[in-house]
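Engineer: File follows, coords.tsv with TSV, C-alpha atoms:
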```tsv
chain	number	residue	atom	x	y	z
A	378	MET	CA	18.59	2.77	-34.15
A	379	ASN	CA	20.44	4.52	-31.34
A	380	ASP	CA	19.72	5.34	-27.72
A	381	ASP	CA	17.94	8.59	-28.47
A	382	ASP	CA	15.58	6.87	-30.88
A	383	ILE	CA	14.50	4.23	-28.42
A	384	GLU	CA	14.09	6.91	-25.76
A	385	ARG	CA	11.85	8.83	-28.10
A	386	ALA	CA	9.95	5.68	-29.02
A	387	ILE	CA	9.32	4.87	-25.37
A	388	LYS	CA	8.22	8.41	-24.60
A	389	THR	CA	5.93	8.48	-27.62
A	390	HIS	CA	4.32	5.10	-27.35
A	391	ALA	CA	4.32	4.01	-23.70
A	392	THR	CA	1.03	4.79	-21.99
A	393	ARG	CA	0.97	7.44	-19.31
A	394	TYR	CA	-1.88	6.33	-17.11
A	395	THR	CA	-3.93	8.93	-15.31
A	396	ALA	CA	-5.70	8.59	-11.98
A	397	PRO	CA	-9.42	7.89	-12.29
A	398	PRO	CA	-11.55	10.87	-11.13
A	399	GLU	CA	-13.23	8.82	-8.40
A	400	LEU	CA	-9.83	8.01	-6.93
A	401	TYR	CA	-8.99	11.69	-6.90
A	402	ASP	CA	-12.22	12.46	-5.05
A	403	LYS	CA	-11.66	9.69	-2.56
A	404	ILE	CA	-8.17	10.87	-1.72
A	405	ALA	CA	-9.20	14.52	-1.53
A	406	ARG	CA	-11.85	13.50	1.00
A	407	MET	CA	-9.26	11.50	2.87
A	408	THR	CA	-6.84	14.40	3.22
A	409	ALA	CA	-9.67	16.58	4.50
A	410	ALA	CA	-10.76	13.98	7.04
A	411	HIS	CA	-7.27	13.76	8.46
A	412	GLN	CA	-7.15	17.46	9.10
A	413	MET	CA	-9.80	16.98	11.71
A	414	ASN	CA	-8.36	13.92	13.38
A	415	ILE	CA	-4.64	14.12	13.46
A	416	VAL	CA	-2.32	16.07	15.63
A	417	HIS	CA	1.36	15.32	15.47
A	418	PRO	CA	2.90	16.35	18.74
A	419	SER	CA	6.60	16.12	19.23
A	420	LYS	CA	7.45	15.83	22.87
A	421	LYS	CA	10.70	17.75	22.62
A	422	TRP	CA	9.46	20.36	20.29
A	423	LEU	CA	6.29	21.40	22.06
A	424	PRO	CA	7.63	22.89	25.28
A	425	LEU	CA	10.60	24.51	23.56
A	426	LYS	CA	8.72	26.35	20.92
A	427	TRP	CA	5.38	27.00	22.46
A	428	GLY	CA	6.74	27.40	25.94
A	429	SER	CA	8.57	30.62	25.23
A	430	THR	CA	5.61	32.83	26.03
A	431	GLY	CA	2.86	32.70	28.58
A	432	ALA	CA	0.25	32.05	25.97
A	433	GLY	CA	2.48	29.39	24.52
A	434	LEU	CA	2.74	27.73	27.89
A	435	ALA	CA	-1.00	27.64	28.28
A	436	LEU	CA	-1.32	26.19	24.80
A	437	ALA	CA	1.35	23.61	25.50
A	438	ALA	CA	-0.44	22.65	28.68
A	439	CYS	CA	-3.62	22.20	26.69
A	440	PHE	CA	-1.91	19.92	24.20
A	441	ALA	CA	-0.13	18.02	26.92
A	442	PHE	CA	-3.47	17.40	28.56
A	443	LEU	CA	-4.98	16.16	25.31
A	444	MET	CA	-1.98	13.95	24.68
A	445	ALA	CA	-2.13	12.45	28.15
A	446	VAL	CA	-5.77	11.57	27.67
A	447	ARG	CA	-5.22	9.82	24.39
A	448	PRO	CA	-1.81	9.14	22.92
A	449	ASP	CA	-1.74	9.90	19.25
A	450	ASN	CA	-0.31	6.56	18.12
A	451	GLU	CA	-2.76	4.49	20.01
A	452	TYR	CA	-5.63	6.58	18.79
A	453	LEU	CA	-4.52	6.22	15.18
A	454	LEU	CA	-4.08	2.52	15.60
A	455	GLU	CA	-7.55	2.12	17.04
A	456	GLN	CA	-8.95	4.13	14.14
A	457	GLN	CA	-7.24	1.83	11.69
A	458	LEU	CA	-8.53	-1.25	13.44
A	459	ILE	CA	-12.07	0.07	13.47
A	460	THR	CA	-11.81	1.00	9.81
A	461	SER	CA	-10.57	-2.47	9.03
A	462	HIS	CA	-13.36	-3.98	11.11
A	463	ILE	CA	-16.01	-1.91	9.33
A	464	ARG	CA	-14.54	-2.76	5.94
A	465	SER	CA	-14.59	-6.43	6.86
A	466	LEU	CA	-18.34	-6.21	7.35
A	467	GLN	CA	-18.86	-5.31	3.73
A	468	ASP	CA	-19.52	-8.10	1.27
A	469	GLY	CA	-16.53	-10.16	0.33
A	470	HIS	CA	-14.08	-8.43	2.64
A	471	LEU	CA	-14.43	-10.53	5.74
A	472	THR	CA	-12.18	-13.46	4.97
A	473	ASP	CA	-9.55	-14.50	2.47
A	474	VAL	CA	-9.82	-18.07	3.62
A	475	ILE	CA	-13.20	-19.30	4.79
A	476	SER	CA	-13.06	-22.26	7.05
A	477	THR	CA	-14.38	-23.32	10.39
A	478	ASP	CA	-11.46	-25.73	10.61
A	479	GLN	CA	-8.54	-24.37	12.61
A	480	HIS	CA	-6.25	-26.78	10.77
A	481	THR	CA	-7.06	-24.99	7.55
A	482	VAL	CA	-6.87	-21.45	8.84
A	483	LYS	CA	-3.62	-21.72	10.78
A	484	PRO	CA	-1.49	-23.14	7.94
A	485	TRP	CA	-3.02	-20.58	5.61
A	486	PHE	CA	-1.22	-17.83	7.51
A	487	ASN	CA	2.09	-19.67	7.29
A	488	GLY	CA	4.11	-18.45	4.38
A	489	ARG	CA	2.03	-15.31	4.17
A	490	LEU	CA	3.28	-13.82	7.39
A	491	ASP	CA	6.21	-13.87	9.77
A	492	VAL	CA	3.90	-14.81	12.59
A	493	SER	CA	1.86	-17.88	13.10
A	494	PRO	CA	-1.00	-16.93	15.37
A	495	PRO	CA	-2.78	-19.57	17.41
A	496	VAL	CA	-6.09	-20.50	15.83
A	497	THR	CA	-8.73	-22.46	17.67
A	498	ASP	CA	-12.41	-22.92	17.00
A	499	PHE	CA	-14.54	-21.96	20.01
A	500	ASN	CA	-17.81	-23.13	18.51
A	501	ALA	CA	-18.69	-25.06	21.66
A	502	ASP	CA	-18.42	-21.83	23.64
A	503	GLY	CA	-20.53	-19.85	21.21
A	504	PHE	CA	-17.68	-18.28	19.24
A	505	PRO	CA	-17.39	-20.25	15.99
A	506	LEU	CA	-14.32	-19.71	13.82
A	507	ILE	CA	-15.23	-18.20	10.44
A	508	GLY	CA	-11.88	-17.85	8.73
A	509	GLY	CA	-8.88	-15.60	8.31
A	510	ARG	CA	-7.54	-12.78	6.22
A	511	LEU	CA	-4.55	-10.50	5.90
A	512	ASP	CA	-4.80	-6.81	6.58
A	513	TYR	CA	-2.45	-3.87	6.77
A	514	VAL	CA	-2.33	-2.02	10.07
A	515	ASP	CA	0.28	0.23	11.65
A	516	HIS	CA	2.85	-0.50	8.92
A	517	HIS	CA	2.47	-4.22	9.37
A	518	THR	CA	0.76	-6.91	7.43
A	519	VAL	CA	-1.29	-8.50	10.12
A	520	ALA	CA	-3.18	-11.72	10.58
A	521	VAL	CA	-6.87	-11.37	11.21
A	522	ILE	CA	-8.72	-14.32	12.63
A	523	VAL	CA	-12.44	-13.99	12.24
A	524	TYR	CA	-14.95	-15.31	14.73
A	525	ARG	CA	-18.63	-14.84	15.22
A	526	TYR	CA	-20.83	-14.50	18.25
A	527	ASN	CA	-24.47	-14.90	17.24
A	528	LYS	CA	-24.72	-12.41	14.41
A	529	HIS	CA	-21.78	-10.32	15.51
A	530	VAL	CA	-18.46	-10.47	13.75
A	531	ILE	CA	-15.36	-10.53	15.92
A	532	ASN	CA	-12.09	-9.59	14.27
A	533	LEU	CA	-8.93	-10.61	16.07
A	534	PHE	CA	-5.82	-8.83	14.77
A	535	VAL	CA	-2.44	-10.38	15.49
A	536	TRP	CA	1.05	-9.13	14.72
A	537	PRO	CA	4.48	-9.11	16.33
A	538	SER	CA	4.60	-6.76	19.29
A	539	ASP	CA	6.84	-3.77	19.10
A	540	GLN	CA	8.73	-3.79	22.39
A	541	SER	CA	9.56	-0.12	22.11
A	542	LYS	CA	5.94	0.83	22.46
A	543	VAL	CA	4.10	1.05	25.72
A	544	ASN	CA	2.82	-2.28	26.80
A	545	ILE	CA	-0.66	-1.83	28.08
A	546	GLU	CA	-3.72	-3.94	28.25
A	547	SER	CA	-6.72	-1.88	27.44
A	548	VAL	CA	-10.38	-1.82	26.85
A	549	THR	CA	-11.80	0.90	24.72
A	550	ALA	CA	-15.07	1.76	23.12
A	551	GLN	CA	-15.25	3.88	20.02
A	552	GLN	CA	-17.95	4.58	17.53
A	553	GLY	CA	-20.07	1.82	19.00
A	554	TYR	CA	-17.31	-0.78	18.78
A	555	ASN	CA	-15.56	-2.40	21.68
A	556	MET	CA	-11.90	-3.27	21.61
A	557	ARG	CA	-9.56	-5.22	23.78
A	558	HIS	CA	-5.84	-5.29	23.54
A	559	TRP	CA	-3.25	-7.57	25.09
A	560	ARG	CA	0.13	-9.10	24.49
A	561	ASP	CA	1.42	-12.63	24.80
A	562	GLY	CA	5.06	-13.36	24.23
A	563	ASP	CA	6.15	-11.83	20.96
A	564	LEU	CA	2.67	-11.19	19.70
A	565	GLN	CA	0.15	-8.46	20.24
A	566	PHE	CA	-3.55	-8.93	19.91
A	567	TRP	CA	-6.39	-6.54	19.24
A	568	VAL	CA	-9.93	-7.70	19.14
A	569	VAL	CA	-12.69	-5.54	17.70
A	570	SER	CA	-16.40	-6.19	17.69
A	571	ASP	CA	-19.79	-4.73	18.42
A	572	VAL	CA	-20.54	-7.43	21.02
A	573	ASN	CA	-20.79	-6.09	24.55
A	574	PRO	CA	-17.62	-5.65	26.59
A	575	ALA	CA	-18.42	-8.57	28.90
A	576	LYS	CA	-18.70	-10.97	25.94
A	577	LEU	CA	-15.52	-9.60	24.48
A	578	THR	CA	-13.71	-10.27	27.75
A	579	GLU	CA	-15.13	-13.77	27.73
A	580	PHE	CA	-13.76	-14.24	24.24
A	581	GLU	CA	-10.37	-12.89	25.28
A	582	ASN	CA	-10.19	-15.28	28.22
A	583	LEU	CA	-11.10	-18.23	25.99
A	584	TYR	CA	-8.53	-17.27	23.42
A	585	ARG	CA	-5.77	-16.56	25.89
A	586	GLY	CA	-6.53	-19.81	27.67
A	587	GLN	CA	-5.72	-21.82	24.55
A	588	ILE	CA	-2.39	-20.26	23.76
A	589	PRO	CA	-0.10	-22.48	25.83
A	590	LYS	CA	-1.71	-25.62	24.44
A	591	SER	CA	-1.36	-24.74	20.79
A	592	LYS	CA	2.28	-23.58	21.00
B	792	MET	CA	1.45	22.32	14.04
B	793	GLY	CA	4.47	23.09	11.94
B	794	ALA	CA	5.97	19.63	12.26
B	795	GLY	CA	2.77	17.89	11.33
B	796	TYR	CA	0.07	17.66	8.82
B	797	ASP	CA	-1.57	20.66	7.32
B	798	GLN	CA	-4.27	19.73	4.88
B	799	HIS	CA	-3.89	22.78	2.67
B	800	ARG	CA	-0.16	22.50	2.44
B	801	PHE	CA	-0.41	18.77	1.86
B	802	ASN	CA	-3.04	19.16	-0.85
B	803	ALA	CA	-1.14	21.91	-2.61
B	804	LEU	CA	2.08	19.89	-2.64
B	805	MET	CA	0.89	16.33	-3.11
B	806	LEU	CA	-2.46	16.23	-4.92
B	807	PRO	CA	-1.02	17.58	-8.22
B	808	HIS	CA	1.12	14.44	-8.44
B	809	MET	CA	-1.68	11.93	-8.26
B	810	ASP	CA	-1.43	11.08	-11.95
B	811	ALA	CA	2.28	10.39	-11.58
B	812	ALA	CA	1.54	8.30	-8.50
B	813	TYR	CA	-1.15	6.36	-10.31
B	814	ASN	CA	0.98	5.90	-13.40
B	815	LEU	CA	3.83	4.39	-11.41
B	816	ALA	CA	1.54	2.17	-9.36
B	817	ARG	CA	-0.31	1.09	-12.50
B	818	TRP	CA	2.92	0.11	-14.21
B	819	LEU	CA	4.31	-1.69	-11.20
B	820	THR	CA	1.17	-3.61	-10.24
B	821	ASN	CA	-0.12	-4.18	-13.80
B	822	SER	CA	-3.65	-3.70	-12.61
B	823	PRO	CA	-5.96	-0.67	-12.49
B	824	ASP	CA	-7.67	-1.86	-9.30
B	825	ASP	CA	-4.45	-2.61	-7.48
B	826	ALA	CA	-3.04	0.71	-8.64
B	827	SER	CA	-5.99	2.57	-7.11
B	828	ASP	CA	-5.56	0.72	-3.83
B	829	VAL	CA	-1.83	1.34	-3.80
B	830	VAL	CA	-2.26	5.05	-4.51
B	831	GLN	CA	-4.83	5.38	-1.77
B	832	GLU	CA	-2.62	3.61	0.69
B	833	SER	CA	0.35	5.70	-0.43
B	834	TYR	CA	-1.50	8.94	0.23
B	835	LEU	CA	-2.52	7.65	3.63
B	836	ARG	CA	1.12	6.97	4.41
B	837	ALA	CA	2.11	10.31	2.93
B	838	ILE	CA	-0.30	12.06	5.29
B	839	ARG	CA	1.16	10.21	8.25
B	840	PHE	CA	4.76	10.79	7.24
B	841	PHE	CA	4.20	14.36	6.10
B	842	GLY	CA	5.99	15.61	9.20
B	843	SER	CA	9.17	14.09	7.79
B	844	TYR	CA	8.87	15.87	4.45
B	845	ARG	CA	11.69	18.40	4.41
B	846	GLY	CA	10.85	20.33	1.29
B	847	GLY	CA	12.54	19.31	-1.92
B	848	VAL	CA	10.85	17.74	-4.88
B	849	ALA	CA	7.38	16.77	-3.70
B	850	ARG	CA	6.83	14.44	-6.64
B	851	ALA	CA	9.97	12.43	-5.87
B	852	TRP	CA	9.02	12.27	-2.19
B	853	LEU	CA	5.54	10.99	-3.03
B	854	LEU	CA	6.80	8.56	-5.68
B	855	THR	CA	9.19	7.05	-3.13
B	856	ILE	CA	6.21	6.13	-1.01
B	857	VAL	CA	4.23	4.90	-4.02
B	858	ARG	CA	7.14	2.81	-5.20
B	859	ASN	CA	7.65	1.18	-1.81
B	860	THR	CA	3.94	0.60	-1.33
B	861	SER	CA	3.73	-0.97	-4.80
B	862	LEU	CA	6.63	-3.31	-4.11
B	863	ASN	CA	5.12	-4.27	-0.74
B	864	TRP	CA	1.88	-4.89	-2.52
B	865	LEU	CA	3.57	-7.14	-5.04
B	866	THR	CA	5.32	-9.22	-2.44
B	867	GLN	CA	2.32	-9.47	-0.18
B	868	ASN	CA	-0.64	-9.76	-2.47
B	869	ARG	CA	0.45	-11.75	-5.41
B	870	ASN	CA	3.33	-13.36	-7.14
B	871	GLN	CA	4.67	-11.00	-9.71
B	872	LYS	CA	3.84	-12.19	-13.16
B	873	THR	CA	6.54	-11.02	-15.51
B	874	VAL	CA	6.30	-12.45	-18.95
B	875	PRO	CA	9.63	-13.22	-20.56
B	876	LEU	CA	10.45	-10.96	-23.45
B	877	PRO	CA	9.23	-12.51	-26.71
B	878	GLU	CA	11.82	-14.62	-28.49
B	879	PRO	CA	13.43	-12.71	-31.34
B	880	ASP	CA	13.42	-15.56	-33.88
B	881	GLU	CA	9.74	-16.22	-34.09
B	882	ASP	CA	9.52	-14.47	-37.41
B	883	GLY	CA	6.35	-12.72	-36.46
B	884	LYS	CA	4.31	-15.88	-36.07
B	885	GLY	CA	1.63	-15.31	-33.50
B	886	GLN	CA	2.84	-11.79	-32.96
B	887	GLU	CA	0.40	-9.97	-35.23
B	888	ILE	CA	-2.02	-7.89	-33.32
B	889	VAL	CA	-3.43	-5.84	-36.14
B	890	ASP	CA	-5.81	-6.82	-38.95
B	891	ASP	CA	-4.32	-6.80	-42.44
B	892	LYS	CA	-7.03	-4.58	-43.77
B	893	ALA	CA	-6.45	-1.94	-41.13
B	894	ASP	CA	-2.73	-1.94	-41.74
B	895	LEU	CA	-2.66	1.33	-43.60
B	896	GLU	CA	-4.56	3.31	-41.05
B	897	PHE	CA	-2.09	5.54	-39.32
B	898	GLU	CA	-4.06	5.57	-36.12
B	899	LEU	CA	-4.11	1.83	-35.89
B	900	ILE	CA	-0.41	1.65	-36.50
B	901	GLN	CA	0.09	4.07	-33.67
B	902	LYS	CA	-2.20	1.98	-31.55
B	903	GLU	CA	-0.30	-1.15	-32.34
B	904	ALA	CA	2.94	0.61	-31.61
B	905	ALA	CA	1.58	1.63	-28.21
B	906	THR	CA	0.39	-1.90	-27.53
B	907	THR	CA	3.76	-3.31	-28.49
B	908	MET	CA	5.68	-0.77	-26.44
B	909	ASN	CA	3.45	-1.30	-23.40
B	910	GLU	CA	3.90	-5.05	-23.67
B	911	LEU	CA	7.65	-4.72	-23.92
B	912	ILE	CA	7.86	-2.53	-20.83
B	913	LYS	CA	5.41	-4.72	-18.96
B	914	ALA	CA	7.58	-7.73	-19.69
B	915	LEU	CA	10.60	-6.19	-17.99
B	916	PRO	CA	11.38	-7.34	-14.45
B	917	VAL	CA	10.22	-4.77	-11.91
B	918	LYS	CA	13.69	-3.45	-11.12
B	919	TYR	CA	14.17	-2.48	-14.75
B	920	ARG	CA	10.59	-1.43	-15.30
B	921	GLU	CA	10.60	1.08	-12.47
B	922	VAL	CA	13.63	2.96	-13.80
B	923	VAL	CA	12.13	3.09	-17.29
B	924	ILE	CA	8.85	4.51	-16.01
B	925	LEU	CA	10.53	7.02	-13.72
B	926	ARG	CA	12.93	8.18	-16.39
B	927	GLU	CA	11.07	8.03	-19.69
B	928	ILE	CA	7.52	8.72	-18.59
B	929	GLU	CA	7.92	10.70	-15.38
B	930	GLU	CA	11.14	12.30	-16.60
B	931	LEU	CA	12.83	12.27	-13.23
B	932	SER	CA	16.54	12.99	-13.10
B	933	TYR	CA	18.96	10.13	-12.37
B	934	LYS	CA	19.52	11.59	-8.95
B	935	GLU	CA	15.79	11.67	-8.23
B	936	ILE	CA	15.39	8.10	-9.45
B	937	ALA	CA	18.19	7.06	-7.12
B	938	GLU	CA	16.36	8.82	-4.31
B	939	VAL	CA	13.02	7.19	-5.09
B	940	THR	CA	14.36	3.68	-5.53
B	941	GLY	CA	17.14	3.81	-2.96
B	942	ILE	CA	19.66	2.45	-5.45
B	943	PRO	CA	22.90	4.22	-6.42
B	944	VAL	CA	22.92	6.53	-9.43
B	945	GLY	CA	25.38	4.26	-11.25
B	946	THR	CA	23.04	1.31	-10.87
B	947	VAL	CA	20.11	3.42	-12.03
B	948	MET	CA	22.03	4.27	-15.19
B	949	SER	CA	23.15	0.74	-15.91
B	950	ARG	CA	19.68	-0.66	-15.33
B	951	LEU	CA	18.23	1.96	-17.58
B	952	ALA	CA	20.76	1.14	-20.28
B	953	ARG	CA	19.99	-2.57	-20.08
B	954	ALA	CA	16.27	-1.96	-20.12
B	955	ARG	CA	16.52	0.34	-23.13
B	956	LYS	CA	18.62	-2.19	-24.92
B	957	ALA	CA	16.13	-4.99	-24.29
B	958	ILE	CA	13.25	-2.81	-25.42
B	959	GLN	CA	15.19	-1.54	-28.41
B	960	GLN	CA	15.97	-5.01	-29.70
B	961	HIS	CA	12.40	-6.22	-29.60
B	962	TRP	CA	11.00	-2.91	-30.70
B	963	HIS	CA	13.21	-2.97	-33.74
B	964	GLU	CA	12.11	-6.49	-34.64
B	965	SER	CA	8.46	-5.74	-34.20
B	966	ALA	CA	8.86	-2.59	-36.33
B	967	GLU	CA	10.38	-4.70	-39.10
B	968	ARG	CA	7.49	-7.07	-38.91
B	969	ARG	CA	5.07	-4.20	-39.17
B	970	ILE	CA	6.83	-2.86	-42.22
B	971	SER	CA	7.32	-6.21	-43.96
B	972	LYS	CA	3.66	-7.16	-43.71
```
Show this structure as structure tokens.

Structural biologist:
Amino acid sequence: MNDDDIERAIKTHATRYTAPPELYDKIARMTAAHQMNIVHPSKKWLPLKWGSTGAGLALAACFAFLMAVRPDNEYLLEQQLITSHIRSLQDGHLTDVISTDQHTVKPWFNGRLDVSPPVTDFNADGFPLIGGRLDYVDHHTVAVIVYRYNKHVINLFVWPSDQSKVNIESVTAQQGYNMRHWRDGDLQFWVVSDVNPAKLTEFENLYRGQIPKSK
Amino acid sequence: MGAGYDQHRFNALMLPHMDAAYNLARWLTNSPDDASDVVQESYLRAIRFFGSYRGGVARAWLLTIVRNTSLNWLTQNRNQKTVPLPEPDEDGKGQEIVDDKADLEFELIQKEAATTMNELIKALPVKYREVVILREIEELSYKEIAEVTGIPVGTVMSRLARARKAIQQHWHESAERRISK
């Protein structure tokens, strides 16, 4: 048996899997949805190309205005976080490790991630710890620490901060969800929930208050 | 937005390769569910990186993303379970998959051959498996495989040779067992 024979045998007998139709539909819907949401501005490219005519200038000004209102990257990131939050509300997606014990949740992240986020149970303050999971956001595998306030789920996303990106603290509301964002040391934090903004700020203050102690 | 994402252009270039994407992800993750997730995530990345697509072979461009997403998936979501290739000297004990009575049915022999071949490829470590899939099933050129995997053409060829050899040896033995039964 020579090389050609085994090549032929592999080609003949190895299975060529095909994408399930429902996957095809899902992805086709996804590509359509992105058409509506995404613009990819390039700061250098815009004024050069569109700026060469009067109409182009007006158009560029329009885009620049849109961009200034909501930077593309941040918008995309927020969309991803909201998507992840919504997905987490579906059955079985909320936590990979379920525990109200911070000493279980924190070590669970070790070995799975480069970061070891602080984990504290705030049950006494009305924000019990539910557990943790891993998620994929903005090209990172991120830690998600899950809390609850009454019936509301609070997802806290943690991953190493990218120093090259703008460092802003922000509060945003989108699609009925409130978000807060901050940085501490090498880590960045995003918290997403449908609790009201005041409660979310309260949660942020609690969480940020515990960081020095647990480090 | 010439530098960005255009749904129609994206669909026309990338959707036709979904089977290839799924096939690669399916072979690398060994799981239909994981393969679906990986393909979905790969297309999401492809949409976001579409601005960096500079023409060229769309399938190779997409498979690069699928390959990297699959490997990320493997390192992040589970420990890769590669089964060692079956020992050659077992003399067929415990290797029979097919009923004696069905032995003469051509279709079943083909089926068994497919099962055996799939198992042999599945048993290869990922770095060998990916070149086999890309070459023998997807029929990419060596150069394209080098592009997709980020390894030099020479390494692609030597890995492919080693993989073929490993498959060949066990394939040959299992064929003899099929015949001698």

Engineer: Quick check: residues of chain A within 7 Å of chain B, all atoms listed in the file, returned as a PyMOL selection string.

Structural biologist: chain A and resi 383-384+387-388+390-396+400+404+408-409+412+416-417

Engineer: Which of these residues is nearest to Val917 (chain B), using all atoms listed in the file: B:Arg858, B:Leu804, B:Gly846, B:Leu853?

Structural biologist: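 Smallest separation from Val917 (chain B) among the options: B:Arg858.
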
Engineer: Arg525 (chain A): which residues within 12 Å, counting all atoms listed in the file, same-chain residues fewer than 4 positions away excluded, as a ChimeraX atom specification?

Structural biologist: /A:466,471,477,498-500,502-509,529-533,568-572,576-577,580

Engineer: Which is closer to Met948 (chain B) than all the others in B:Val922, B:Leu865, B:Ala966, B:Asp825, using all atoms listed in the file?

Structural biologist: B:Val922

Engineer: Between CA of Gly562 (chain A) and CA of Ser465 (chain A), what is the distance in Å, rounded to a tenth?

Structural biologist: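 Between these atoms lies a distance of 27.1 Å.
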
Engineer: Which neighbours of Val519 (chain A) fall inside 7 Å, counting only C-alpha atoms, when residues of the same chain fewer than 4 positions from it are skipped, and could you give them as a tab-separated table (two decimals) with C-alpha atoms, keeping the file's coordinate frame?

Structural biologist:
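After the write, result35.tsv holds the following:
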```tsv
chain	number	residue	atom	x	y	z
A	511	LEU	CA	-4.55	-10.50	5.90
A	512	ASP	CA	-4.80	-6.81	6.58
A	513	TYR	CA	-2.45	-3.87	6.77
A	514	VAL	CA	-2.33	-2.02	10.07
A	534	PHE	CA	-5.82	-8.83	14.77
A	535	VAL	CA	-2.44	-10.38	15.49
A	536	TRP	CA	1.05	-9.13	14.72
```

Engineer: Pick the closest to Gly553 (chain A) from A:Thr472, A:Thr481, A:Gln565, A:Asn573: which is it, counting only C-alpha atoms?

Structural biologist: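 Looking only at the distances to Gly553 (chain A), the closest residue turns out to be A:Asn573.
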
Engineer: Just how far from CA of Ala914 (chain B) is CA of Glu935 (chain B), in Å to one decimal?

Structural biologist: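 Separation of CA of Glu935 (chain B) and CA of Ala914 (chain B): 24.0 Å.
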
Engineer: Quick check, in Å to one decimal: how far apart do CA of Arg845 (chain B) and CA of Val944 (chain B) lie?

Structural biologist: 21.4 Å
